[in-house]
$ cat entry11.cif   # mmCIF, C-alpha atoms
data_query
loop_
_atom_site.group_PDB
_atom_site.id
_atom_site.type_symbol
_atom_site.label_atom_id
_atom_site.label_comp_id
_atom_site.auth_asym_id
_atom_site.auth_seq_id
_atom_site.Cartn_x
_atom_site.Cartn_y
_atom_site.Cartn_z
ATOM 1 C CA MET A 619 -33.543 -20.891 -16.696
ATOM 2 C CA ALA A 620 -31.382 -18.019 -15.475
ATOM 3 C CA PHE A 621 -28.538 -18.677 -13.087
ATOM 4 C CA LEU A 622 -29.165 -16.482 -10.073
ATOM 5 C CA GLY A 623 -26.183 -15.527 -7.953
ATOM 6 C CA GLY A 624 -23.683 -15.479 -10.788
ATOM 7 C CA ILE A 625 -20.914 -12.941 -11.032
ATOM 8 C CA GLY A 626 -21.462 -10.379 -13.724
ATOM 9 C CA PHE A 627 -19.329 -7.732 -15.385
ATOM 10 C CA THR A 628 -19.955 -5.136 -12.671
ATOM 11 C CA GLU A 629 -18.887 -7.458 -9.884
ATOM 12 C CA ILE A 630 -15.757 -8.583 -11.731
ATOM 13 C CA THR A 631 -14.814 -4.968 -12.491
ATOM 14 C CA THR A 632 -15.340 -3.890 -8.880
ATOM 15 C CA ILE A 633 -13.347 -6.808 -7.473
ATOM 16 C CA SER A 634 -10.543 -6.171 -9.965
ATOM 17 C CA LEU A 635 -10.327 -2.475 -9.063
ATOM 18 C CA VAL A 636 -10.321 -3.142 -5.327
ATOM 19 C CA ALA A 637 -7.719 -5.916 -5.680
ATOM 20 C CA GLY A 638 -5.566 -3.672 -7.850
ATOM 21 C CA LEU A 639 -5.682 -0.864 -5.307
ATOM 22 C CA ILE A 640 -4.876 -3.223 -2.452
ATOM 23 C CA LEU A 641 -1.843 -4.536 -4.354
ATOM 24 C CA LEU A 642 -0.615 -1.200 -5.728
ATOM 25 C CA PHE A 643 -0.995 0.876 -2.554
ATOM 26 C CA PRO A 644 1.836 -0.840 -0.588
ATOM 27 C CA ILE A 645 4.089 -0.821 -3.675
ATOM 28 C CA PHE A 646 3.548 2.921 -4.178
ATOM 29 C CA VAL A 647 4.288 3.637 -0.509
ATOM 30 C CA LEU A 648 7.346 1.353 -0.513
ATOM 31 C CA VAL A 649 8.809 3.156 -3.527
ATOM 32 C CA SER A 650 8.117 6.483 -1.830
ATOM 33 C CA ALA A 651 9.913 5.357 1.340
ATOM 34 C CA LEU A 652 12.905 3.996 -0.590
ATOM 35 C CA ARG A 653 13.317 7.239 -2.545
ATOM 36 C CA ALA A 654 12.975 9.472 0.509
ATOM 37 C CA THR A 655 15.904 10.876 2.465
ATOM 38 C CA PHE A 656 15.800 10.383 6.220
ATOM 39 C CA GLN A 657 18.153 11.564 8.964
ATOM 40 C CA ASP A 658 19.766 8.122 9.130
ATOM 41 C CA SER A 659 19.565 4.824 7.273
ATOM 42 C CA THR A 660 18.107 3.044 10.310
ATOM 43 C CA THR A 661 14.909 5.089 10.047
ATOM 44 C CA LYS A 662 14.548 4.205 6.377
ATOM 45 C CA LEU A 663 15.140 0.520 7.125
ATOM 46 C CA MET A 664 12.564 0.608 9.921
ATOM 47 C CA TRP A 665 9.916 2.104 7.612
ATOM 48 C CA VAL A 666 10.650 -0.371 4.829
ATOM 49 C CA LEU A 667 10.260 -3.277 7.261
ATOM 50 C CA VAL A 668 7.024 -1.814 8.673
ATOM 51 C CA ILE A 669 5.608 -1.431 5.154
ATOM 52 C CA LEU A 670 6.610 -4.970 4.166
ATOM 53 C CA PHE A 671 5.566 -6.844 7.316
ATOM 54 C CA LEU A 672 2.330 -5.007 8.151
ATOM 55 C CA PRO A 673 0.489 -5.343 4.843
ATOM 56 C CA PHE A 674 -2.146 -2.602 5.005
ATOM 57 C CA ILE A 675 -1.482 -0.907 8.346
ATOM 58 C CA GLY A 676 2.226 -0.338 7.572
ATOM 59 C CA PRO A 677 1.697 1.800 4.468
ATOM 60 C CA LEU A 678 -0.995 3.794 6.273
ATOM 61 C CA LEU A 679 1.345 4.395 9.215
ATOM 62 C CA TYR A 680 4.074 5.548 6.847
ATOM 63 C CA LEU A 681 1.745 7.999 5.141
ATOM 64 C CA ILE A 682 0.537 9.382 8.476
ATOM 65 C CA ILE A 683 3.789 9.372 10.494
ATOM 66 C CA GLY A 684 6.755 8.533 8.274
ATOM 67 C CA ARG A 685 6.331 11.225 5.661
ATOM 68 C CA ASN A 686 6.805 13.849 8.366
ATOM 69 C CA GLN A 687 10.180 12.318 9.306
ATOM 70 C CA ARG A 688 11.684 12.819 5.848
ATOM 71 C CA ILE A 689 14.333 15.468 5.284
ATOM 72 C CA ALA A 690 13.534 16.216 1.653
#
$ encode --input "entry11.cif" --output "structure tokens"
Amino acid sequence: MAFLGGIGFTEITTISLVAGLILLFPIFVLVSALRATFQDSTTKLMWVLVILFLPFIGPLLYLIIGRNQRIA
């Protein structure tokens, strides 16, 4: 008798890819913010805290707003 409702290879692959993207996206944005040059160190600190304490919204906000505030 077949087990209906089991998780197959496709489901495991999809979940792994989505989980990987969710984990890597904030890390990528955090590294980008730490490497960037801002007008003052307070702005950089603010963006790092936003990225760390607002798990998915923070990195999105940085990409939309924060990247325009960089000097170089």
$ closest_residue --input "entry11.cif" --among "A:Thr655, A:Lys662, A:Ile625, A:Val647" --to "Leu678 of chain A" --atoms "only C-alpha atoms"
A:Val647
$ axis_aligned_box --input "entry11.cif" --around "segment 648-661 of chain A" --padding-each-side "5 Å" --output "AutoDock Vina command-line options"
--center_x 13.6 --center_y 6.5 --center_z 3.4 --size_x 22.4 --size_y 20.2 --size_z 23.8
$ atom_distance --input "entry11.cif" --atom1 "atom CA of Gln657 of chain A" --atom2 "atom CA of Arg688 of chain A"
7.3 Å
$ resolve_selection --input "entry11.cif" --expression "the PyMOL selection byres ((chain A and resi 648) around 9)" --output "mmCIF file with C-alpha atoms, in the frame of the given file"
data_model
loop_
_atom_site.group_PDB
_atom_site.id
_atom_site.type_symbol
_atom_site.label_atom_id
_atom_site.label_comp_id
_atom_site.auth_asym_id
_atom_site.auth_seq_id
_atom_site.Cartn_x
_atom_site.Cartn_y
_atom_site.Cartn_z
ATOM 1 C CA PHE A 643 -0.995 0.876 -2.554
ATOM 2 C CA PRO A 644 1.836 -0.840 -0.588
ATOM 3 C CA ILE A 645 4.089 -0.821 -3.675
ATOM 4 C CA PHE A 646 3.548 2.921 -4.178
ATOM 5 C CA VAL A 647 4.288 3.637 -0.509
ATOM 6 C CA VAL A 649 8.809 3.156 -3.527
ATOM 7 C CA SER A 650 8.117 6.483 -1.830
ATOM 8 C CA ALA A 651 9.913 5.357 1.340
ATOM 9 C CA LEU A 652 12.905 3.996 -0.590
ATOM 10 C CA ARG A 653 13.317 7.239 -2.545
ATOM 11 C CA TRP A 665 9.916 2.104 7.612
ATOM 12 C CA VAL A 666 10.650 -0.371 4.829
ATOM 13 C CA ILE A 669 5.608 -1.431 5.154
ATOM 14 C CA LEU A 670 6.610 -4.970 4.166
ATOM 15 C CA PRO A 677 1.697 1.800 4.468
#
$ atom_distance --input "entry11.cif" --atom1 "atom CA of Thr661 of chain A" --atom2 "atom CA of Ile682 of chain A"
15.1 Å
$ closest_residue --input "entry11.cif" --among "A:Ala654, A:Leu672, A:Gly624, A:Thr632" --to "Gly684 of chain A" --atoms "all atoms listed in the file"
A:Ala654
$ atom_distance --input "entry11.cif" --atom1 "atom CA of Gln687 of chain A" --atom2 "atom CA of Ile675 of chain A"
17.7 Å
$ closest_residue --input "entry11.cif" --among "A:Phe656, A:Thr631, A:Val636, A:Leu641" --to "Arg685 of chain A" --atoms "all atoms listed in the file"
A:Phe656
